[in-house]
$ cat model-v5.txt   # compact mmCIF, C-alpha atoms
# COMPACT_ATOMS: atom_id res chain seq x y z
CA MET A 1490 -27.49 75.32 140.70
CA SER A 1491 -23.77 75.46 141.47
CA CYS A 1492 -22.49 78.82 142.62
CA PRO A 1493 -18.93 78.70 144.02
CA ASN A 1494 -17.79 81.49 146.31
CA PRO A 1495 -16.80 84.46 144.11
CA GLU A 1496 -13.73 84.91 146.30
CA VAL A 1497 -12.53 81.52 145.06
CA TYR A 1498 -12.82 82.65 141.44
CA LYS A 1499 -10.92 85.81 142.26
CA PHE A 1500 -8.23 83.92 144.12
CA MET A 1501 -7.75 81.10 141.65
CA SER A 1502 -7.75 83.39 138.61
CA ILE A 1503 -4.61 84.91 140.03
CA PHE A 1504 -2.85 81.72 141.03
CA VAL A 1505 -4.06 78.94 138.75
CA GLY A 1506 -6.20 80.43 136.00
CA SER A 1507 -9.74 79.42 135.14
CA PHE A 1508 -11.39 76.35 136.68
CA ARG A 1509 -14.81 74.81 136.99
CA ASP A 1510 -15.06 74.35 140.73
CA GLN A 1511 -13.05 74.26 143.91
CA ASP A 1512 -12.53 70.51 143.86
CA ASN A 1513 -11.45 70.25 140.22
CA VAL A 1514 -8.43 72.51 140.00
CA ASN A 1515 -5.29 71.92 137.96
CA THR A 1516 -2.65 73.00 140.43
CA SER A 1517 0.46 71.32 139.09
CA LYS A 1518 1.94 74.65 137.98
CA THR A 1519 1.19 76.58 141.13
CA PRO A 1520 3.28 75.44 144.10
CA VAL A 1521 3.13 77.76 147.09
CA MET A 1522 6.63 78.51 148.34
CA LEU A 1523 7.24 78.52 152.07
CA ALA A 1524 8.53 81.77 153.47
CA LYS A 1525 11.72 81.99 155.54
CA GLY A 1526 11.64 83.17 159.13
CA PRO A 1527 11.54 82.09 162.79
CA LEU A 1528 8.24 80.41 163.50
CA ARG A 1529 6.27 81.83 166.42
CA TRP A 1530 2.58 81.24 165.69
CA VAL A 1531 0.38 78.49 164.30
CA LEU A 1532 -3.07 79.37 162.97
CA TRP A 1533 -5.71 76.67 162.79
CA ASP A 1534 -8.80 75.95 160.77
CA VAL A 1535 -11.52 74.23 162.85
CA LYS A 1536 -14.18 72.27 160.97
CA ASP A 1537 -12.77 69.13 159.34
CA THR A 1538 -9.34 69.99 160.74
CA LEU A 1539 -9.79 69.73 164.50
CA MET A 1540 -13.31 68.31 164.53
CA GLU A 1541 -16.33 67.44 162.44
CA VAL A 1542 -20.10 67.59 162.78
CA LEU A 1543 -21.40 64.44 164.46
CA GLY A 1544 -24.14 63.22 162.15
CA SER A 1545 -25.71 65.11 159.27
CA ALA A 1546 -27.58 68.39 159.51
CA GLY A 1547 -30.69 66.62 158.29
CA LYS A 1548 -30.49 64.11 161.11
CA GLN A 1549 -30.16 66.93 163.64
CA TYR A 1550 -33.17 68.75 162.22
CA CYS A 1551 -35.21 65.54 162.26
CA LYS A 1552 -34.38 64.99 165.93
CA GLU A 1553 -35.67 68.45 166.78
CA ALA A 1554 -38.81 67.90 164.70
CA GLU A 1555 -39.46 64.59 166.47
CA LYS A 1556 -39.64 66.45 169.79
CA LEU A 1557 -42.66 68.28 168.34
CA GLY A 1558 -44.34 65.11 167.12
CA LEU A 1559 -43.16 65.18 163.49
CA SER A 1560 -41.60 62.19 161.76
CA LEU A 1561 -39.44 63.22 158.80
CA CYS A 1562 -37.27 61.23 156.41
CA HIS A 1563 -33.58 61.88 157.16
CA ALA A 1564 -32.53 61.39 153.55
CA GLU A 1565 -35.16 63.81 152.26
CA VAL A 1566 -34.19 66.45 154.82
CA ASP A 1567 -30.49 65.95 154.04
CA ALA A 1568 -31.11 66.43 150.32
CA ALA A 1569 -33.19 69.55 150.96
CA PHE A 1570 -30.51 70.93 153.27
CA GLU A 1571 -27.82 70.51 150.61
CA ARG A 1572 -29.92 72.43 148.09
CA VAL A 1573 -30.79 75.23 150.50
CA TYR A 1574 -27.26 75.50 151.88
CA ARG A 1575 -25.77 75.87 148.39
CA ASP A 1576 -28.38 78.46 147.47
CA TYR A 1577 -27.83 80.56 150.59
CA SER A 1578 -24.05 80.28 150.33
CA CYS A 1579 -24.36 81.63 146.79
CA ARG A 1580 -26.84 84.43 147.49
CA TYR A 1581 -25.67 85.36 150.99
CA PRO A 1582 -21.98 84.43 151.33
CA ASN A 1583 -20.32 84.48 154.73
CA TYR A 1584 -23.68 84.30 156.51
CA GLY A 1585 -24.94 87.37 154.68
CA LYS A 1586 -22.78 89.66 156.82
CA SER A 1587 -22.37 92.25 154.06
CA GLN A 1588 -26.15 92.13 153.39
CA GLY A 1589 -27.23 92.90 156.92
CA LEU A 1590 -27.79 89.34 158.15
CA THR A 1591 -26.28 87.64 161.17
CA GLY A 1592 -25.11 84.08 161.43
CA GLN A 1593 -28.13 83.23 163.55
CA THR A 1594 -30.58 84.77 161.07
CA TRP A 1595 -28.81 83.05 158.17
CA TRP A 1596 -28.88 79.60 159.77
CA MET A 1597 -32.47 79.89 160.95
CA LYS A 1598 -33.54 80.77 157.41
CA VAL A 1599 -31.61 77.77 156.11
CA VAL A 1600 -33.32 75.44 158.59
CA LYS A 1601 -36.80 76.81 157.92
CA ASP A 1602 -36.40 76.70 154.14
CA THR A 1603 -35.03 73.15 154.41
CA LEU A 1604 -38.06 71.96 156.36
CA SER A 1605 -40.44 73.90 154.11
CA GLN A 1606 -39.13 71.86 151.18
CA CYS A 1607 -40.09 68.78 153.20
CA ARG A 1608 -43.69 69.98 153.51
CA VAL A 1609 -43.42 71.41 157.02
CA GLN A 1610 -45.47 74.63 157.00
CA ASP A 1611 -46.43 75.37 160.60
CA PRO A 1612 -44.63 78.64 161.54
CA MET A 1613 -44.38 77.60 165.19
CA VAL A 1614 -42.72 74.31 164.28
CA LEU A 1615 -40.35 75.97 161.82
CA ASN A 1616 -39.27 78.64 164.30
CA THR A 1617 -38.87 76.18 167.17
CA VAL A 1618 -36.79 73.68 165.21
CA ALA A 1619 -34.64 76.42 163.67
CA ASN A 1620 -34.00 78.10 167.00
CA ASN A 1621 -33.23 74.86 168.83
CA ALA A 1622 -30.98 73.57 166.08
CA TYR A 1623 -29.02 76.82 166.00
CA TRP A 1624 -28.31 76.83 169.72
CA ASN A 1625 -27.75 73.09 170.02
CA PHE A 1626 -24.86 73.21 167.57
CA ARG A 1627 -22.87 75.08 170.21
CA ASN A 1628 -22.73 71.91 172.28
CA ALA A 1629 -19.99 69.28 172.23
CA THR A 1630 -22.62 66.56 171.78
CA ASN A 1631 -22.97 67.61 168.14
CA TRP A 1632 -19.24 67.50 167.37
CA LYS A 1633 -16.57 64.82 167.05
CA ILE A 1634 -13.05 65.92 167.98
CA TYR A 1635 -10.44 64.07 165.95
CA PRO A 1636 -8.20 61.86 168.11
CA ASP A 1637 -5.06 63.60 166.85
CA ALA A 1638 -6.34 67.13 167.60
CA LYS A 1639 -5.62 67.67 171.29
CA PRO A 1640 -2.23 65.90 171.25
CA ALA A 1641 -1.15 68.08 168.32
CA LEU A 1642 -2.31 71.27 170.06
CA GLU A 1643 -0.48 70.28 173.24
CA ARG A 1644 2.70 69.37 171.36
CA CYS A 1645 2.70 72.64 169.41
CA SER A 1646 2.27 74.59 172.63
CA SER A 1647 5.15 72.66 174.21
CA LEU A 1648 7.36 73.81 171.34
CA GLY A 1649 6.80 77.39 172.53
CA LEU A 1650 4.45 78.25 169.67
CA LYS A 1651 1.39 80.43 170.18
CA LEU A 1652 -1.86 79.27 168.64
CA GLY A 1653 -4.77 81.08 167.01
CA VAL A 1654 -7.87 80.19 165.02
CA VAL A 1655 -8.86 81.45 161.57
CA SER A 1656 -12.03 79.68 160.45
CA ASN A 1657 -14.97 80.14 158.11
CA PHE A 1658 -17.54 79.93 160.87
CA ASP A 1659 -20.27 82.00 162.48
CA ASP A 1660 -20.10 83.77 165.83
CA ARG A 1661 -20.79 80.56 167.77
CA LEU A 1662 -17.21 79.48 167.19
CA GLU A 1663 -15.78 80.38 170.60
CA GLU A 1664 -18.71 78.71 172.35
CA VAL A 1665 -18.24 75.56 170.25
CA LEU A 1666 -14.52 75.45 171.06
CA ARG A 1667 -15.21 76.04 174.75
CA SER A 1668 -17.83 73.29 174.86
CA CYS A 1669 -15.40 70.89 173.16
CA GLY A 1670 -12.59 71.74 175.59
CA LEU A 1671 -10.39 73.36 172.96
CA LEU A 1672 -10.71 77.10 173.54
CA SER A 1673 -7.99 77.32 176.18
CA TYR A 1674 -5.34 76.29 173.66
CA PHE A 1675 -5.78 79.48 171.63
CA SER A 1676 -4.65 83.05 172.20
CA PHE A 1677 -7.33 84.36 169.84
CA VAL A 1678 -10.19 83.13 167.66
CA ILE A 1679 -11.26 84.80 164.40
CA SER A 1680 -14.46 83.64 162.70
CA SER A 1681 -15.32 84.77 159.21
CA GLU A 1682 -18.54 86.31 160.51
CA GLU A 1683 -16.58 88.39 163.02
CA ALA A 1684 -13.96 89.33 160.44
CA GLY A 1685 -16.55 90.31 157.85
CA VAL A 1686 -14.62 88.35 155.23
CA ALA A 1687 -14.14 84.64 154.61
CA LYS A 1688 -11.31 82.48 153.37
CA PRO A 1689 -9.93 82.30 150.71
CA SER A 1690 -9.69 86.09 150.89
CA PRO A 1691 -6.24 86.96 152.22
CA ASP A 1692 -7.88 89.77 154.22
CA ILE A 1693 -8.90 87.40 157.01
CA PHE A 1694 -5.27 86.29 157.32
CA VAL A 1695 -4.17 89.93 157.43
CA GLN A 1696 -6.47 90.40 160.43
CA ALA A 1697 -4.94 87.31 162.02
CA LEU A 1698 -1.42 88.64 161.48
CA GLN A 1699 -2.43 91.85 163.22
CA ARG A 1700 -3.59 89.79 166.20
CA CYS A 1701 -0.31 87.86 166.14
CA GLY A 1702 1.65 91.09 166.13
CA THR A 1703 4.30 89.66 163.82
CA SER A 1704 5.09 89.24 160.14
CA ALA A 1705 3.76 86.46 157.93
CA ASP A 1706 7.05 84.58 157.78
CA ASN A 1707 6.78 83.93 161.53
CA VAL A 1708 3.39 82.24 161.14
CA ALA A 1709 2.11 78.87 159.89
CA HIS A 1710 -1.46 77.88 159.09
CA VAL A 1711 -2.87 74.35 159.02
CA GLY A 1712 -6.19 73.39 157.48
CA ASP A 1713 -7.92 70.77 155.36
CA HIS A 1714 -9.07 72.89 152.41
CA PHE A 1715 -6.70 73.20 149.46
CA VAL A 1716 -7.93 76.65 148.39
CA ASN A 1717 -9.25 78.20 151.60
CA ASP A 1718 -6.40 77.08 153.82
CA TYR A 1719 -3.34 76.06 151.86
CA LEU A 1720 -3.33 78.43 148.89
CA ALA A 1721 -4.96 81.36 150.67
CA SER A 1722 -2.55 81.36 153.62
CA GLY A 1723 0.40 80.98 151.28
CA SER A 1724 -0.79 83.98 149.26
CA ALA A 1725 -0.55 86.03 152.46
CA GLY A 1726 3.05 84.93 152.95
CA ILE A 1727 2.19 82.45 155.71
CA HIS A 1728 3.63 78.93 155.86
CA GLY A 1729 0.65 76.98 154.52
CA ILE A 1730 0.35 73.34 155.57
CA LEU A 1731 -2.41 71.20 154.06
CA LEU A 1732 -4.04 68.53 156.21
CA ASP A 1733 -4.89 65.90 153.62
CA ARG A 1734 -6.58 63.21 155.73
CA HIS A 1735 -7.93 61.37 152.67
CA ASN A 1736 -4.82 61.54 150.45
CA LYS A 1737 -6.56 63.60 147.79
CA TYR A 1738 -3.56 65.60 146.63
CA LYS A 1739 -0.44 64.40 144.88
CA GLU A 1740 3.04 65.69 145.57
CA ALA A 1741 2.95 67.54 142.23
CA GLU A 1742 0.09 69.64 143.63
CA VAL A 1743 1.42 70.09 147.16
CA PRO A 1744 5.12 69.67 148.01
CA GLN A 1745 5.71 66.90 150.52
CA GLU A 1746 6.98 69.27 153.20
CA GLN A 1747 3.72 71.26 153.03
CA ARG A 1748 1.33 68.31 153.26
CA ILE A 1749 0.40 66.05 156.16
CA VAL A 1750 -2.17 63.25 156.40
CA SER A 1751 -2.53 63.41 160.19
CA LEU A 1752 -2.03 66.10 162.82
CA GLU A 1753 0.43 63.69 164.41
CA GLU A 1754 2.87 64.80 161.72
CA LEU A 1755 2.42 68.50 162.36
CA PRO A 1756 4.83 69.13 165.28
CA SER A 1757 7.79 67.60 163.46
CA ARG A 1758 6.89 69.50 160.29
CA LEU A 1759 6.77 72.75 162.27
CA GLN A 1760 10.13 71.95 163.84
CA GLN A 1761 11.60 71.66 160.35
CA ILE A 1762 10.36 75.17 159.60
CA MET A 1763 11.67 76.44 162.92
CA HIS A 1764 15.14 75.14 162.13
CA GLN A 1765 15.33 76.46 158.56
$ encode --input "model-v5.txt" --output "structure tokens"
Amino acid sequence: MSCPNPEVYKFMSIFVGSFRDQDNVNTSKTPVMLAKGPLRWVLWDVKDTLMEVLGSAGKQYCKEAEKLGLSLCHAEVDAAFERVYRDYSCRYPNYGKSQGLTGQTWWMKVVKDTLSQCRVQDPMVLNTVANNAYWNFRNATNWKIYPDAKPALERCSSLGLKLGVVSNFDDRLEEVLRSCGLLSYFSFVISSEEAGVAKPSPDIFVQALQRCGTSADNVAHVGDHFVNDYLASGSAGIHGILLDRHNKYKEAEVPQEQRIVSLEELPSRLQQIMHQ
């Protein structure tokens, strides 16, 4: 069953009308206009912008199960994970924060339900794998930092810009960034679990602006998701810049000056905004 985030429906109904899903949106009539103002801050998405998960979730769960003597099929576990993840994201959005869950509880339920669908029933095994998988994902060994990430962060800092994080992530985010050697670049980190609201809701960007202590026209945001990052930040008055690593979006959908295919392009794009 497909159940897109209701916040996406709410957001897109305002800006682009009805649509079937987040990846099939007619956006040709909805350019997001860049605001005018001296640029002081850059906000960053994390997953699939600065780094990505190294290997699939199913592979990680299988590795933990192997430590307990179980041999599971990676493909079967991956398929089960996709089903369970979609279901939980639908029923308990943003890690179930508004329903009394925590990110840890949410993820452990996801892992246990995934393995249960693969005929693992031993409660001790389910709890051990879920607990280990949750904590292991804090470590840099489970993440791949994109080669253009650190140079872009360093170059943006050298331009005198302050950096912050706004990411749909659970409360492990700071630990993940620290483990990957990225935390020191940022003045603050806001996860959706901490904020109690997830992108594409503009409310998470409002919280970020409060942390920046400045108005939206002094802030840019870069991320890989067309709705959650580009459109949502623009709706809050922030300079939205889409990282389109796979050239998915045409210029008719995203103006050239608001789209980059590598973080190598970001500093010069920010300088253009700074000199407007």
$ residues_around --input "model-v5.txt" --residues "A:Val1573" --least-positions-apart "3" --cutoff "9 Å" --atoms "all atoms listed in the file" --output "list in words"
Ala1568, Ala1569, Phe1570, Asp1576, Tyr1577, Ser1578, Val1599, Val1600, Asp1602 and Thr1603 of chain A
$ atom_distance --input "model-v5.txt" --atom1 "atom CA of A:Tyr1584" --atom2 "atom CA of A:Cys1562"
26.8 Å
$ closest_residue --input "model-v5.txt" --among "A:Phe1626, A:Lys1586, A:Asp1733, A:Ser1560" --to "A:Ser1545" --atoms "only C-alpha atoms"
A:Phe1626
$ closest_residue --input "model-v5.txt" --among "A:Ile1634, A:Pro1756, A:Tyr1719, A:Gln1549" --to "A:Glu1742" --atoms "only C-alpha atoms"
A:Tyr1719
$ closest_residue --input "model-v5.txt" --among "A:Cys1551, A:Leu1755, A:Val1535, A:Leu1652" --to "A:Leu1698" --atoms "only C-alpha atoms"
A:Leu1652
$ residues_around --input "model-v5.txt" --residues "stretch 1656-1672 of chain A" --least-positions-apart "5" --cutoff "6 Å" --atoms "all atoms listed in the file" --output "list in words"
Asp1534, Val1535, Gly1592, Arg1627, Asn1628, Ala1629, Ser1680, Ser1681, Glu1682 and Ala1687 of chain A
$ atom_distance --input "model-v5.txt" --atom1 "atom CA of A:Glu1746" --atom2 "atom CA of A:Val1531"
15.9 Å
$ atom_distance --input "model-v5.txt" --atom1 "atom CA of A:Val1678" --atom2 "atom CA of A:Lys1548"
28.6 Å
$ residues_around --input "model-v5.txt" --residues "A:Leu1539" --least-positions-apart "4" --cutoff "10 Å" --atoms "only C-alpha atoms" --output "ChimeraX atom specification"
/A:1533-1535,1633-1639,1641-1642,1666,1671,1711-1713,1752
$ closest_residue --input "model-v5.txt" --among "A:Glu1643, A:Asp1718, A:Glu1555, A:Glu1740" --to "A:Thr1538" --atoms "all atoms listed in the file"
A:Asp1718
$ closest_residue --input "model-v5.txt" --among "A:Phe1677, A:Tyr1581, A:Trp1632, A:Tyr1623" --to "A:Trp1530" --atoms "only C-alpha atoms"
A:Phe1677
